[in-house]
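A.B. asks: This is the structure I have questions about; it appears just below.
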Amino acid sequence: MQVFDVLSRRKEGDDWRVVGSVNAPDLDMAMLLARETHFRHGEGQTYALRRRNEDQVHECPDPTGIGGVIDRSYRRQAGYV
């Protein structure tokens, strides 16, 4: 298993910021795991991965799916405002 650092941008023009890490056998599985574990509620505009102790950043090819398609605001406190 390889360790990948998960990077996020909250809005266009922001710098990459490390928001966590995932363990995965390859880059494709790491992309899937990162999206499902770190961006389920639309926390960022786009995300990328970087293998631990390497400099190359692999940006998500299609960030439109971040956050899902179903409104689940009821699961967060802000949904009741």
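By convention in this document, the chains of the structure tokens carry letters A, B, ... by their order, each chain's residues are numbered from 1, and ligands are numbered from 1 in the order they are shown.
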Would you mind listing what lies within 10 Å of segment 19-30 of chain A as a PyMOL selection string, with only C-alpha atoms counted and same-chain residues fewer than 3 positions away left out?
C.D. replies: chain A and resi 1-9+16+33-38+47-52+58+60
A.B. asks: Can you measure atom CA of Arg17 of chain A to atom CA of Asp55 of chain A for me? One decimal in Å is fine.
C.D. replies: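 Distance reported for this atom pair: 13.7 Å.
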A.B. asks: As an exercise, work out the distance from atom CA of Arg10 of chain A to atom CA of Phe39 of chain A in Å and give it to one decimal place.
C.D. replies: 10.8 Å
A.B. asks: Which is closest to Glu59 of chain A among A:Met31, A:Val18, A:Arg75, A:Lys11, if we use only C-alpha atoms?
C.D. replies: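 Checking each candidate against Glu59 of chain A, we get A:Met31 as the closest.
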